[in-house]
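As structure tokens, the structure follows; a few thoughts come after it.
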Amino acid sequence: MLRVGLIGLGFMGGMHAACYKAIEGVSLTAVSDAVSENAEKIAREHNAKVFENALDLINSDEVDAVDICLPTYLHTRYAVEAMKRGKAVFIEKPVSRDLEEAELLLKTRAETGANVMVGQVIRFWDEYVWIKEAIDSKKYGDVVSVVLKRVSSLPSWAWNGWLHNDKLSGGAALDMHIHDVDYIRYILGEPGEVSSIARRDENGSMTQIFTSYKFPGGVIATSEACWDYPPDFPFCMEIRVKLEKATIVYNSAESVFAVYPNEGGSFKPELNTVTLDNRAGGNISSLGGYYNELKYFVERVSNNKPIENATLKDSVESLKLALREISAAD
Ligand SMILES: NC(=O)c1ccc[n+]([C@@H]2O[C@H](COP(=O)([O-])OP(=O)(O)OC[C@H]3O[C@@H](n4cnc5c(N)ncnc54)[C@H](O)[C@@H]3O)[C@@H](O)[C@H]2O)c1
């Protein structure tokens with residue numbers, strides 16, 4: 001049984017805790033949060049031990065792996081300590097706020113050999129997994145173009161408002177857009193040309209960014225990330241991939257997932273979505289990609305196998321591309 005210690009029990013920490021309840025072979029044994037009620041609530045549900053100080057959790061012999069769901073600007077400090085203490089580490093995305101921290105993470109991983117995964121969850125999201133497999137199989141030929149979108153109303157939950165401080169989170173251009181930046185690298189590799197335009201709010205936080213990419217070989221792509229649409233505007237992630245022989249579309253808000261072959265007609269691909277029982281106290285299947293990524297992490301670490309998807313190295317490369325877009329926009 002893999003014993004996980006979870007640090008940061010806000011929005012994402014709560015979702016990770018629910019996933020651990022549904023995954024075989026893992027037990028959430030330790031939790032830590034700056035707000036003691038957050039820690040006590042999750043501890044009760046999981047029979048976990050509460051650590052007032054996250055560093056004590058990291059140093060505990062009762063923890064094999066540390067899951068870091070802290071605000072982005074705190075990832076590096078705790079991930080470095082966990083690696084040094086010989087723990088496997090899961091770090092939420094974006095891996096860090098800046099490249100200096102990312103370099104420290106890579107250096108520490110090289111020195112310690114720690115098994116590290118980053119929560120680039122779109123690589124584990126059923127529809128995006130299907131699209132990646134369709135592209136790699138070449139059954140619809142090569143990719144011609146890609147359109148990506150990730151939009152929402154203003155996130156309201158963040159602890160001490162950290163998400164809306166650009167220095168701490170990187171704004172929508174880093175925090176939200178990193179998902180599509182990582183996915184486009186995952187399916188197409190590194191772009192050649194990149195041009196971006198963006199908008200900042202009155203506090204300097206980048207709230208909307210549009211980017212155009214041109215890849216070696218000629219594939220073109222665009223993306224939009226924005227998190228200050230009106231309050232009732234639904235969250236939507238969307239991808240449209242035009243291939244030589246078909247176009248694939250996924251739109252989460254409209255529940256559209258379809259393949260349009262060039263010869264006409266359309267069909268909805270079959271997905272291997274895991275249907276889970278209700279042990280987590282809710283409809284855990286809606287946690288989809290989070291469940292899939294954490295299951296992968298638990299299985300890899302439990303079997304002493306290296307993390308090979310959403311690696312630290314890959315996530316740092318995605319951070320570099322997102323920062324390149326931000327400076328192109330500036
Ligand atoms: N993968 C995704 O889709 C996704 C979605 C949302 C957030 N995230 C990422 O998850 C991370 C956390 O975001 P969130 O939305 O859960 O933030 P949040 O503000 O909801 O939660 C952060 C928690 O950390 C706690 N905390 C702060 N400092 C602490 C410390 N020193 N020790 C212990 N606890 C501390 C806070 O009390 C709070 O409960 C961020 O990196 C964010 O980018 C990922």
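Scheme for the structure tokens: letters A, B, ... for chains in order shown; per-chain residue numbers from 1; ligand numbers from 1 in order shown.
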Open item on the list: Can you pull out every residue with an atom within 8 Å of ligand 1? Use only C-alpha atoms and all ligand atoms and format it as an MDAnalysis selection string.
Closed with: chainID A and resid 7:14 32:35 38 52:54 68:75 91:96 119:121 157:163 169 175:176 179 290
Would you save the residues of that selection, restricted to C-alpha atoms, as a short mmCIF file (atom, residue, chain, number, x, y, z; two decimals), in the first residue's frame?
```cif
data_model
loop_
_atom_site.label_atom_id
_atom_site.label_comp_id
_atom_site.auth_asym_id
_atom_site.auth_seq_id
_atom_site.Cartn_x
_atom_site.Cartn_y
_atom_site.Cartn_z
CA ILE A 7 0.06 19.18 1.08
CA GLY A 8 -2.43 21.92 0.19
CA LEU A 9 -6.09 20.99 0.64
CA GLY A 10 -7.86 23.69 -1.32
CA PHE A 11 -9.68 23.21 -4.62
CA MET A 12 -7.22 20.78 -6.20
CA GLY A 13 -6.12 19.05 -2.99
CA GLY A 14 -9.76 18.14 -2.30
CA SER A 32 -1.14 19.44 5.83
CA ASP A 33 -2.74 22.79 5.12
CA ALA A 34 -2.19 26.35 6.32
CA VAL A 35 -5.90 26.41 7.25
CA ASN A 38 -9.17 22.19 5.63
CA GLU A 52 0.66 21.46 11.16
CA ASN A 53 3.90 22.05 9.31
CA ALA A 54 4.21 20.62 5.79
CA ILE A 68 1.91 18.98 -3.65
CA CYS A 69 -1.32 20.90 -4.34
CA LEU A 70 0.02 24.19 -2.99
CA PRO A 71 -0.24 27.54 -4.77
CA THR A 72 2.23 27.50 -7.66
CA TYR A 73 4.83 29.80 -6.08
CA LEU A 74 5.23 27.29 -3.21
CA HIS A 75 5.71 24.14 -5.33
CA ILE A 91 3.56 18.38 -8.27
CA GLU A 92 0.45 20.16 -9.54
CA LYS A 93 0.78 22.17 -12.75
CA PRO A 94 2.30 24.56 -13.69
CA VAL A 95 5.45 22.94 -12.34
CA SER A 96 6.75 26.26 -10.98
CA GLY A 119 -0.14 17.27 -13.00
CA GLN A 120 -0.37 17.96 -16.74
CA VAL A 121 -3.74 16.29 -16.57
CA TRP A 157 -11.78 30.18 -4.64
CA ALA A 158 -8.05 30.87 -4.30
CA TRP A 159 -6.50 30.99 -0.81
CA ASN A 160 -5.56 34.62 -0.01
CA GLY A 161 -6.30 35.52 -3.64
CA TRP A 162 -2.94 34.06 -4.79
CA LEU A 163 -4.35 33.11 -8.22
CA SER A 169 0.40 32.38 -10.36
CA ASP A 175 -2.02 28.87 -14.77
CA MET A 176 -4.80 27.97 -17.22
CA HIS A 179 -2.71 22.78 -20.11
CA TYR A 290 -7.37 13.50 -12.28
#
```
Open item on the list: For the structure I just gave you, how does DSSP split region 27-248 of chain A - specifically, which residues are strand (DSSP E or B)? Reply as a PyMOL selection string.
Closed with: chain A and resi 27-32+49-50+65-68+88-91+116-118+143-153+193-200+206-214+220-229+236-243+246-248
Task: Atomic separation - CA of Pro269 (chain A) relative to CA of Gly288 (chain A), Å - done: 16.6 Å
TODO: Just the alpha helix (DSSP H) stuff from region 59-229 of chain A, please, per backbone DSSP, written as a VMD selection string.
DONE: chain A and resid 59 75 to 84 99 to 112 126 to 137 166 to 169 171 to 175 178 to 188
Please produce a file of those selected residues containing C-alpha atoms, as a PDB file, in the first residue's frame.
```pdb
ATOM      1  CA  ASN A  59      10.094  14.226   6.989  1.00  0.00           C
ATOM      2  CA  HIS A  75       5.707  24.140  -5.327  1.00  0.00           C
ATOM      3  CA  THR A  76       9.490  24.270  -5.602  1.00  0.00           C
ATOM      4  CA  ARG A  77      10.344  24.743  -1.949  1.00  0.00           C
ATOM      5  CA  TYR A  78       8.351  21.699  -0.828  1.00  0.00           C
ATOM      6  CA  ALA A  79       9.117  19.529  -3.877  1.00  0.00           C
ATOM      7  CA  VAL A  80      12.868  20.006  -3.348  1.00  0.00           C
ATOM      8  CA  GLU A  81      12.581  19.006   0.322  1.00  0.00           C
ATOM      9  CA  ALA A  82      10.497  15.944  -0.561  1.00  0.00           C
ATOM     10  CA  MET A  83      12.990  14.788  -3.207  1.00  0.00           C
ATOM     11  CA  LYS A  84      15.890  15.239  -0.764  1.00  0.00           C
ATOM     12  CA  LEU A  99      12.527  29.032 -14.845  1.00  0.00           C
ATOM     13  CA  GLU A 100      14.990  29.539 -12.006  1.00  0.00           C
ATOM     14  CA  GLU A 101      12.806  27.384  -9.770  1.00  0.00           C
ATOM     15  CA  ALA A 102      12.329  24.859 -12.572  1.00  0.00           C
ATOM     16  CA  GLU A 103      16.110  24.529 -12.936  1.00  0.00           C
ATOM     17  CA  LEU A 104      16.412  23.879  -9.185  1.00  0.00           C
ATOM     18  CA  LEU A 105      13.768  21.160  -9.459  1.00  0.00           C
ATOM     19  CA  LEU A 106      15.632  19.506 -12.353  1.00  0.00           C
ATOM     20  CA  LYS A 107      18.965  19.738 -10.507  1.00  0.00           C
ATOM     21  CA  THR A 108      17.501  18.224  -7.340  1.00  0.00           C
ATOM     22  CA  ARG A 109      15.884  15.419  -9.304  1.00  0.00           C
ATOM     23  CA  ALA A 110      19.177  14.645 -11.021  1.00  0.00           C
ATOM     24  CA  GLU A 111      20.969  14.547  -7.642  1.00  0.00           C
ATOM     25  CA  THR A 112      18.367  12.488  -5.811  1.00  0.00           C
ATOM     26  CA  ASP A 126     -10.106  10.594 -22.040  1.00  0.00           C
ATOM     27  CA  GLU A 127     -10.996  12.664 -25.119  1.00  0.00           C
ATOM     28  CA  TYR A 128      -7.478  14.102 -25.414  1.00  0.00           C
ATOM     29  CA  VAL A 129      -5.983  10.610 -24.915  1.00  0.00           C
ATOM     30  CA  TRP A 130      -8.155   9.346 -27.783  1.00  0.00           C
ATOM     31  CA  ILE A 131      -7.067  12.248 -30.010  1.00  0.00           C
ATOM     32  CA  LYS A 132      -3.381  11.661 -29.247  1.00  0.00           C
ATOM     33  CA  GLU A 133      -3.760   7.965 -30.137  1.00  0.00           C
ATOM     34  CA  ALA A 134      -5.629   8.842 -33.357  1.00  0.00           C
ATOM     35  CA  ILE A 135      -2.839  11.241 -34.361  1.00  0.00           C
ATOM     36  CA  ASP A 136      -0.044   8.778 -33.537  1.00  0.00           C
ATOM     37  CA  SER A 137      -1.771   5.916 -35.383  1.00  0.00           C
ATOM     38  CA  ASP A 166       0.521  37.509 -11.481  1.00  0.00           C
ATOM     39  CA  LYS A 167       3.822  37.167  -9.587  1.00  0.00           C
ATOM     40  CA  LEU A 168       2.448  34.145  -7.686  1.00  0.00           C
ATOM     41  CA  SER A 169       0.401  32.378 -10.356  1.00  0.00           C
ATOM     42  CA  GLY A 171      -2.348  34.617 -14.390  1.00  0.00           C
ATOM     43  CA  ALA A 172      -4.513  32.805 -16.938  1.00  0.00           C
ATOM     44  CA  ALA A 173      -1.622  32.870 -19.397  1.00  0.00           C
ATOM     45  CA  LEU A 174       0.364  30.492 -17.228  1.00  0.00           C
ATOM     46  CA  ASP A 175      -2.023  28.865 -14.768  1.00  0.00           C
ATOM     47  CA  ILE A 178      -0.286  25.687 -19.509  1.00  0.00           C
ATOM     48  CA  HIS A 179      -2.714  22.777 -20.106  1.00  0.00           C
ATOM     49  CA  ASP A 180      -2.976  23.519 -23.829  1.00  0.00           C
ATOM     50  CA  VAL A 181       0.680  24.506 -24.128  1.00  0.00           C
ATOM     51  CA  ASP A 182       1.673  21.135 -22.716  1.00  0.00           C
ATOM     52  CA  TYR A 183      -0.822  19.245 -24.888  1.00  0.00           C
ATOM     53  CA  ILE A 184       0.232  20.905 -28.126  1.00  0.00           C
ATOM     54  CA  ARG A 185       3.860  20.013 -27.364  1.00  0.00           C
ATOM     55  CA  TYR A 186       2.703  16.471 -26.546  1.00  0.00           C
ATOM     56  CA  ILE A 187       1.057  15.992 -29.949  1.00  0.00           C
ATOM     57  CA  LEU A 188       3.230  18.163 -32.211  1.00  0.00           C
TER      58      LEU A 188
END
```
Task: Atom pair CA of Lys138 (chain A) / CA of Asn272 (chain A): separation (Å) - done: 20.1 Å
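Among A:Glu254, A:Thr222, A:Arg85, A:His16, the residue with the shortest atom-to-atom distance to Met237 (chain A), counting only C-alpha atoms, is A:Glu254.
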TODO: Tell me, as number ranges by chain, which residues lie within 9 Å of Leu321 (chain A), counting only C-alpha atoms; anything in the same chain fewer than 2 positions away does not count.
DONE: A: 178, 181-182, 185, 190-191, 316-319, 323-326
Just-selected residues, N, CA and C atoms written as an mmCIF file, in the first residue's frame:
```cif
data_model
loop_
_atom_site.group_PDB
_atom_site.id
_atom_site.type_symbol
_atom_site.label_atom_id
_atom_site.label_comp_id
_atom_site.auth_asym_id
_atom_site.auth_seq_id
_atom_site.Cartn_x
_atom_site.Cartn_y
_atom_site.Cartn_z
ATOM 1 N N ILE A 178 -1.344 26.709 -19.526
ATOM 2 C CA ILE A 178 -0.286 25.687 -19.509
ATOM 3 C C ILE A 178 -0.826 24.324 -19.944
ATOM 4 N N VAL A 181 -0.725 24.421 -23.724
ATOM 5 C CA VAL A 181 0.680 24.506 -24.128
ATOM 6 C C VAL A 181 1.327 23.121 -24.024
ATOM 7 N N ASP A 182 1.078 22.462 -22.910
ATOM 8 C CA ASP A 182 1.673 21.135 -22.716
ATOM 9 C C ASP A 182 1.101 20.142 -23.724
ATOM 10 N N ARG A 185 2.497 20.572 -27.295
ATOM 11 C CA ARG A 185 3.860 20.013 -27.364
ATOM 12 C C ARG A 185 3.799 18.488 -27.397
ATOM 13 N N GLU A 190 7.996 20.696 -30.467
ATOM 14 C CA GLU A 190 8.267 22.122 -30.206
ATOM 15 C C GLU A 190 7.901 22.962 -31.421
ATOM 16 N N PRO A 191 7.193 24.075 -31.218
ATOM 17 C CA PRO A 191 6.899 24.948 -32.361
ATOM 18 C C PRO A 191 8.141 25.729 -32.795
ATOM 19 N N VAL A 316 8.794 21.148 -17.522
ATOM 20 C CA VAL A 316 9.654 22.339 -17.563
ATOM 21 C C VAL A 316 9.698 22.888 -18.994
ATOM 22 N N GLU A 317 9.728 21.993 -19.986
ATOM 23 C CA GLU A 317 9.719 22.462 -21.382
ATOM 24 C C GLU A 317 8.401 23.187 -21.680
ATOM 25 N N SER A 318 7.302 22.691 -21.126
ATOM 26 C CA SER A 318 6.007 23.360 -21.338
ATOM 27 C C SER A 318 5.994 24.718 -20.652
ATOM 28 N N LEU A 319 6.581 24.785 -19.460
ATOM 29 C CA LEU A 319 6.699 26.078 -18.767
ATOM 30 C C LEU A 319 7.488 27.064 -19.639
ATOM 31 N N LEU A 323 6.115 30.641 -21.013
ATOM 32 C CA LEU A 323 6.803 31.904 -20.686
ATOM 33 C C LEU A 323 7.247 32.620 -21.963
ATOM 34 N N ARG A 324 7.604 31.814 -22.991
ATOM 35 C CA ARG A 324 7.973 32.409 -24.285
ATOM 36 C C ARG A 324 6.763 33.151 -24.879
ATOM 37 N N GLU A 325 5.585 32.549 -24.750
ATOM 38 C CA GLU A 325 4.366 33.192 -25.262
ATOM 39 C C GLU A 325 4.069 34.477 -24.489
ATOM 40 N N ILE A 326 4.245 34.410 -23.168
ATOM 41 C CA ILE A 326 3.960 35.587 -22.332
ATOM 42 C C ILE A 326 4.904 36.723 -22.702
#
```
May I have the residues within 8 Å of Pro261 (chain A) as a JSON list (two decimals) with C-alpha atoms, in the first residue's frame, using only C-alpha atoms and disregarding those fewer than 3 positions away in the same chain?
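Below is the file part_1.json, written as the result:
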```
[["chain", "number", "residue", "atom", "x", "y", "z"],
["A", 245, "LYS", "CA", -8.49, 12.58, -43.85],
["A", 246, "ALA", "CA", -10.77, 13.80, -41.02],
["A", 247, "THR", "CA", -11.42, 16.53, -38.46],
["A", 264, "GLY", "CA", -18.78, 12.73, -45.17],
["A", 265, "GLY", "CA", -20.82, 11.80, -42.10],
["A", 266, "SER", "CA", -19.64, 11.86, -38.49]]
```
Open item on the list: Residues within 10 Å of Gly25 (chain A), please, as a list in words. Count only C-alpha atoms; anything in the same chain fewer than 5 positions from it doesn't count.
Closed with: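 Contacts, with the query itself left out: Met1, Leu2, Arg3, Tyr20, Lys295, Val298, Glu299 and Ser302 of chain A.
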- [ ] Pick out the residues sitting within 9 Å of Arg199 (chain A), and hand them over as a VMD selection string; count only C-alpha atoms, and ignore anything fewer than 2 positions along from it in its own chain.
- [x] chain A and resid 197 201 204 to 209 329
TODO: Tell me which of A:Lys49, A:Ile23, A:Asn115, A:Leu243 sits closest to Glu308 (chain A), counting only C-alpha atoms.
DONE: A:Asn115
- [ ] Return the single residue from A:Ala225, A:Ala39, A:Tyr140, A:Asp330 that is closest to Val259 (chain A), with distances computed using only C-alpha atoms.
- [x] A:Tyr140
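Comparing A:Ala253, A:Ile239, A:Ala18, A:Leu271 by their smallest distance to Ile122 (chain A), the closest is A:Ile239 (using only C-alpha atoms).
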